[in-house]
Amino acid sequence: MDLKKINSLTELFFYQFEKQKDKNKILLSSLKEPKKNFSWKQTFELINNLSEELKKYVNKGDRCLLISENRPEWFISDFSIMLSNSITVPAYTTYAERDYEYIINDCRPSVVFVSNSEQFKKIKNIIKNKNFIKKIFSFEVLKEINNDEYININNLILNTEVNNFKNKIDRKNPACIIYTSGTQGNPKGVILSHGGILNNCEGAIEILKPLIKGQQTRFLTWLPLSHSYEHTVQFVQITVEARVFYAESIDKLIKNMNDCSPEIMTAVPRFYQNLYQKINASFNKATGIKKILVQKMLNIGLKKIKKEPLNFIEKIQDILLDKIVRKKIKAQFGGSLKTFVSGGGALDKEVGFFLNAIGLPTLQGYGLTETSPVVSCNPINDIRVETVGTPFKGNEVKIAEDGEILVKGENVMLGYWNNQEETDKVLKNGWLHTGDIGVFENNYLKITDRKKDIIITPGGDNISPIKIENELVNSELIEQAIIYGDSKPFIVALLVLNEEKKLSTEEEIKLEIEKINKKLSKIENIKKYFTINEKFSIENGMLTPTLKLKRYKIIQKYKNEFEKLY
């Protein structure tokens, strides 16, 4: 299949369906409801019927808001919306009421999809007097409103004669509007085209090709589908004719990995950081022969990932360690994992080296919502942990004079919805100004910092807060950290201690900071710190839905405490 000749994401699905329709293969599976499995044929029929019903309420280019946790109906609704010539507007289930209100007023959806009563309650009062909303669609019964006020998609009468897939949609047509996490100020609606996401699929296939052989590849999806990263992954899954499993929740992720034995899984750096801490903690408890084997595995694994040659004895030991140690580690994650893919933020190099060394290949990629979202990714046969890999085919990447990464190509957004001013700030002569600083090393892109997050000392030194924060959170004592010190004589930190280690004494923390400072340059050293009890979370507005710290907001809240340290 030549993705360049595919005109839309719906055409991509129809093309793959034609190959799969007589094979009775399962496409979508819910781990929350194990009996809920949808074959390619069932998925095709449901998409067709839902889009036929949807056409009664929408015109070309209308927006459809979609609020749901990850489940098969999310996928079905997304394709139905696009098939009706409308635009999907995904929204996080973790948004605060003011976020929903802003997005609804900004994109003015004609239709709202909600999964259940819990999600409907979040917007019930907001949509009460919005005349532009013509219908509510739901995946479950809504007790809060009358039956005639909404459509439960399970009650639609199946009409197998319908085939809306004959509709012509162009690559330049908008497929979705994804609102950015809003680390500062109101979120911006990023308009992504069908061609932009197809372009991303093309790059992804190049990366995944060595891993996809023979049988149907299993993907486990848990990162919110309202995030551009996971949203695009669902089209990659169609491209490789995968079977998609929807996780129950983040708390049951390891259990779910054992339930479905995924071969590929995408996640954000925070997930890998937690994994690193848990596995490392169990390694530290090892004694005797077990400790020796673990240490030997780590040493040889690190040599391999750093491309240092192994001697003959080490090669033999490596084969044995694969069977004795690494196989047991893999078994904890279902036993079939071929790779993790990390995106949505910077993966700490120590975490990357560690996971690859213990036999859990982890490919770090880079992108942003505005690039559909992937710009580059490490290939499985040449992982370079300290980089974000080589640029995807179809997008040009260059470094500006001030070090900023610029991207050009079909994958770049059409613009921000209703916001020409912000669009013009980042899109100049076709080049997207990412706000990230980077360099190329042998065609591999390396991110060195965020333009706006750089701390500049009075002496003119540039300091990366992310680098120092990663060192801090790799400690068993520290759960979260924020660095402060722009235009200040030295660096200070806010620390959230690990709940399990809450009883850490002041002396223990001080010793830990001293240990971390030894890994940092003199100007990066943390001279003072303060601790808080409240953990940063989505609920208290200090984390974005993809678990990134809202740095600007946190610093604003604790500005006085930071300043007292000087």
# chains A, B, ... in the order shown; residues from 1 in each chain; ligands from 1
>>> select_by_dssp(residues="stretch 292-535 of chain A", states="alpha helix (DSSP H)", output="number ranges by chain")
A: 292-305, 312-321, 327-331, 349-357, 420-426, 465-473, 506-517
>>> residues_around(residues="A:Asn59", least_positions_apart="6", cutoff="9 Å", atoms="only C-alpha atoms", output="PyMOL selection string")
chain A and resi 84-86+110
>>> write_last_selection(atoms="all heavy atoms", output="mmCIF file, in the first residue's frame")
data_model
loop_
_atom_site.group_PDB
_atom_site.id
_atom_site.type_symbol
_atom_site.label_atom_id
_atom_site.label_comp_id
_atom_site.auth_asym_id
_atom_site.auth_seq_id
_atom_site.Cartn_x
_atom_site.Cartn_y
_atom_site.Cartn_z
ATOM 1 N N SER A 84 -18.630 11.640 8.032
ATOM 2 C CA SER A 84 -19.771 12.536 7.796
ATOM 3 C C SER A 84 -19.287 13.925 7.347
ATOM 4 O O SER A 84 -20.057 14.870 7.300
ATOM 5 C CB SER A 84 -20.599 12.663 9.074
ATOM 6 O OG SER A 84 -19.875 13.385 10.052
ATOM 7 N N ASN A 85 -17.976 14.009 7.023
ATOM 8 C CA ASN A 85 -17.353 15.270 6.588
ATOM 9 C C ASN A 85 -17.267 16.312 7.695
ATOM 10 O O ASN A 85 -17.157 17.504 7.434
ATOM 11 C CB ASN A 85 -18.086 15.868 5.381
ATOM 12 C CG ASN A 85 -17.497 15.360 4.081
ATOM 13 O OD1 ASN A 85 -16.283 15.350 3.913
ATOM 14 N ND2 ASN A 85 -18.356 14.903 3.192
ATOM 15 N N SER A 86 -17.314 15.835 8.945
ATOM 16 C CA SER A 86 -17.173 16.734 10.095
ATOM 17 C C SER A 86 -15.752 16.639 10.644
ATOM 18 O O SER A 86 -14.927 15.888 10.131
ATOM 19 C CB SER A 86 -18.164 16.348 11.192
ATOM 20 O OG SER A 86 -19.461 16.329 10.673
ATOM 21 N N SER A 110 -21.485 21.163 16.706
ATOM 22 C CA SER A 110 -22.890 20.898 16.360
ATOM 23 C C SER A 110 -23.393 19.676 17.119
ATOM 24 O O SER A 110 -24.579 19.543 17.383
ATOM 25 C CB SER A 110 -23.025 20.640 14.861
ATOM 26 O OG SER A 110 -22.612 21.772 14.151
#
>>> residues_around(residues="A:Phe137", least_positions_apart="2", cutoff="6 Å", atoms="only C-alpha atoms", output="VMD selection string")
chain A and resid 113 150 to 152
>>> write_last_selection(atoms="C-alpha atoms", output="PDB file, in the first residue's frame")
ATOM      1  CA  PHE A 113     -20.330  12.656  21.987  1.00  0.00           C
ATOM      2  CA  TYR A 150     -29.886  12.106  23.028  1.00  0.00           C
ATOM      3  CA  ILE A 151     -29.019   9.088  20.886  1.00  0.00           C
ATOM      4  CA  ASN A 152     -27.492   5.984  22.439  1.00  0.00           C
TER       5      ASN A 152
END
>>> residues_around(residues="A:Lys172", least_positions_apart="5", cutoff="8 Å", atoms="only C-alpha atoms", output="PyMOL selection string")
chain A and resi 193-195
>>> atom_distance(atom1="atom CA of A:Ser487", atom2="atom CA of A:Gly403")
20.8 Å
>>> closest_atom_pairs(of="stretch 272-333 of chain A", to="stretch 342-353 of chain A", cutoff="9 Å", atoms="only C-alpha atoms", output="tab-separated table")
residue	atom	partner	partner_atom	distance
A:Tyr272	CA	A:Val351	CA	7.1
A:Gln273	CA	A:Val351	CA	6.4
A:Leu275	CA	A:Val351	CA	8.8
A:Tyr276	CA	A:Val351	CA	6.1
A:Gln277	CA	A:Val351	CA	8.9
A:Gly301	CA	A:Phe353	CA	8.5
A:Leu302	CA	A:Phe353	CA	6.5
A:Ile305	CA	A:Phe353	CA	7.0
A:Lys306	CA	A:Phe353	CA	8.2
>>> write_last_selection(atoms="N, CA and C atoms", output="short mmCIF file (atom, residue, chain, number, x, y, z; two decimals), in the first residue's frame")
data_model
loop_
_atom_site.label_atom_id
_atom_site.label_comp_id
_atom_site.auth_asym_id
_atom_site.auth_seq_id
_atom_site.Cartn_x
_atom_site.Cartn_y
_atom_site.Cartn_z
N TYR A 272 7.73 5.61 31.98
CA TYR A 272 9.03 4.93 31.97
C TYR A 272 9.85 5.26 33.21
N GLN A 273 9.68 6.49 33.70
CA GLN A 273 10.38 6.90 34.92
C GLN A 273 9.91 6.04 36.11
N LEU A 275 8.54 3.09 35.90
CA LEU A 275 8.97 1.72 35.63
C LEU A 275 10.42 1.54 36.08
N TYR A 276 11.24 2.52 35.72
CA TYR A 276 12.66 2.52 36.09
C TYR A 276 12.82 2.44 37.61
N GLN A 277 12.07 3.28 38.32
CA GLN A 277 12.17 3.31 39.79
C GLN A 277 11.75 1.98 40.42
N GLY A 301 24.48 -5.12 29.07
CA GLY A 301 23.41 -4.42 28.36
C GLY A 301 23.78 -2.98 28.04
N LEU A 302 24.42 -2.31 29.00
CA LEU A 302 24.84 -0.92 28.79
C LEU A 302 25.94 -0.83 27.73
N ILE A 305 24.12 -1.19 24.30
CA ILE A 305 23.34 -0.02 23.88
C ILE A 305 24.25 1.19 23.61
N LYS A 306 25.42 1.20 24.28
CA LYS A 306 26.38 2.29 24.01
C LYS A 306 27.34 1.95 22.87
#
>>> select_by_dssp(residues="stretch 281-468 of chain A", states="strand (DSSP E or B)", output="PyMOL selection string")
chain A and resi 339-342+362-367+374-377+390-391+395-399+404-409+415-416+427-428+431-441+444-450+455-456+462-463
>>> residues_around(residues="A:Leu253", least_positions_apart="3", cutoff="12 Å", atoms="only C-alpha atoms", output="list in words")
Leu31, Lys32, Leu220, Thr221, Trp222, Leu223, Phe245, Tyr246, Ala247, Glu248, Ser249, Ile250, Asn256, Met257, Asn258, Asp259, Cys260, Ser261, Pro262, Met265, Ala267, Phe271, Leu275, Gln332, Phe333 and Gly334 of chain A
>>> residues_around(residues="stretch 387-397 of chain A", least_positions_apart="6", cutoff="9 Å", atoms="only C-alpha atoms", output="PyMOL selection string")
chain A and resi 199-200+202-204+206-207+346+349+363-366+374-379+405-412+431+440-441+443-447
>>> residues_around(residues="A:Gln42", least_positions_apart="3", cutoff="12 Å", atoms="only C-alpha atoms", output="list in words")
Phe17, Gln20, Lys21, Asp22, Asn24, Lys25, Ile26, Leu27, Leu28, Lys36, Asn37, Phe38, Ser39, Glu45, Leu46, Ile47, Asn48, Asn49, Pro72, Glu73, Ile76, Leu158, Asn159 and Thr160 of chain A
>>> write_last_selection(atoms="C-alpha atoms", output="mmCIF file, in the first residue's frame")
data_model
loop_
_atom_site.group_PDB
_atom_site.id
_atom_site.type_symbol
_atom_site.label_atom_id
_atom_site.label_comp_id
_atom_site.auth_asym_id
_atom_site.auth_seq_id
_atom_site.Cartn_x
_atom_site.Cartn_y
_atom_site.Cartn_z
ATOM 1 C CA PHE A 17 -11.165 -3.358 5.558
ATOM 2 C CA GLN A 20 -9.733 -8.042 6.083
ATOM 3 C CA LYS A 21 -13.542 -8.351 5.715
ATOM 4 C CA ASP A 22 -13.664 -12.105 4.993
ATOM 5 C CA ASN A 24 -13.194 -12.604 10.677
ATOM 6 C CA LYS A 25 -10.260 -10.982 12.505
ATOM 7 C CA ILE A 26 -10.826 -8.975 15.689
ATOM 8 C CA LEU A 27 -9.825 -5.324 15.359
ATOM 9 C CA LEU A 28 -10.894 -3.699 18.658
ATOM 10 C CA LYS A 36 -16.602 -6.597 23.926
ATOM 11 C CA ASN A 37 -14.694 -7.432 20.740
ATOM 12 C CA PHE A 38 -15.300 -5.874 17.334
ATOM 13 C CA SER A 39 -14.257 -7.564 14.103
ATOM 14 C CA GLU A 45 -20.836 -1.487 9.733
ATOM 15 C CA LEU A 46 -21.001 0.512 12.977
ATOM 16 C CA ILE A 47 -18.957 3.385 11.516
ATOM 17 C CA ASN A 48 -21.201 3.464 8.440
ATOM 18 C CA ASN A 49 -24.435 3.508 10.411
ATOM 19 C CA PRO A 72 -13.678 0.817 21.051
ATOM 20 C CA GLU A 73 -16.557 3.309 20.680
ATOM 21 C CA ILE A 76 -15.855 4.099 15.911
ATOM 22 C CA LEU A 158 -27.987 -1.571 11.552
ATOM 23 C CA ASN A 159 -28.352 -0.930 7.828
ATOM 24 C CA THR A 160 -25.837 -3.045 5.934
#
>>> closest_residue(among="A:Leu432, A:Met82, A:Leu66, A:Met1", to="A:Asn167", atoms="only C-alpha atoms")
A:Met82
>>> atom_distance(atom1="atom CA of A:Gln556", atom2="atom CA of A:Lys122")
27.4 Å
>>> closest_residue(among="A:Ile516, A:Leu142, A:Leu549, A:Leu414", to="A:Gln480", atoms="only C-alpha atoms")
A:Leu549
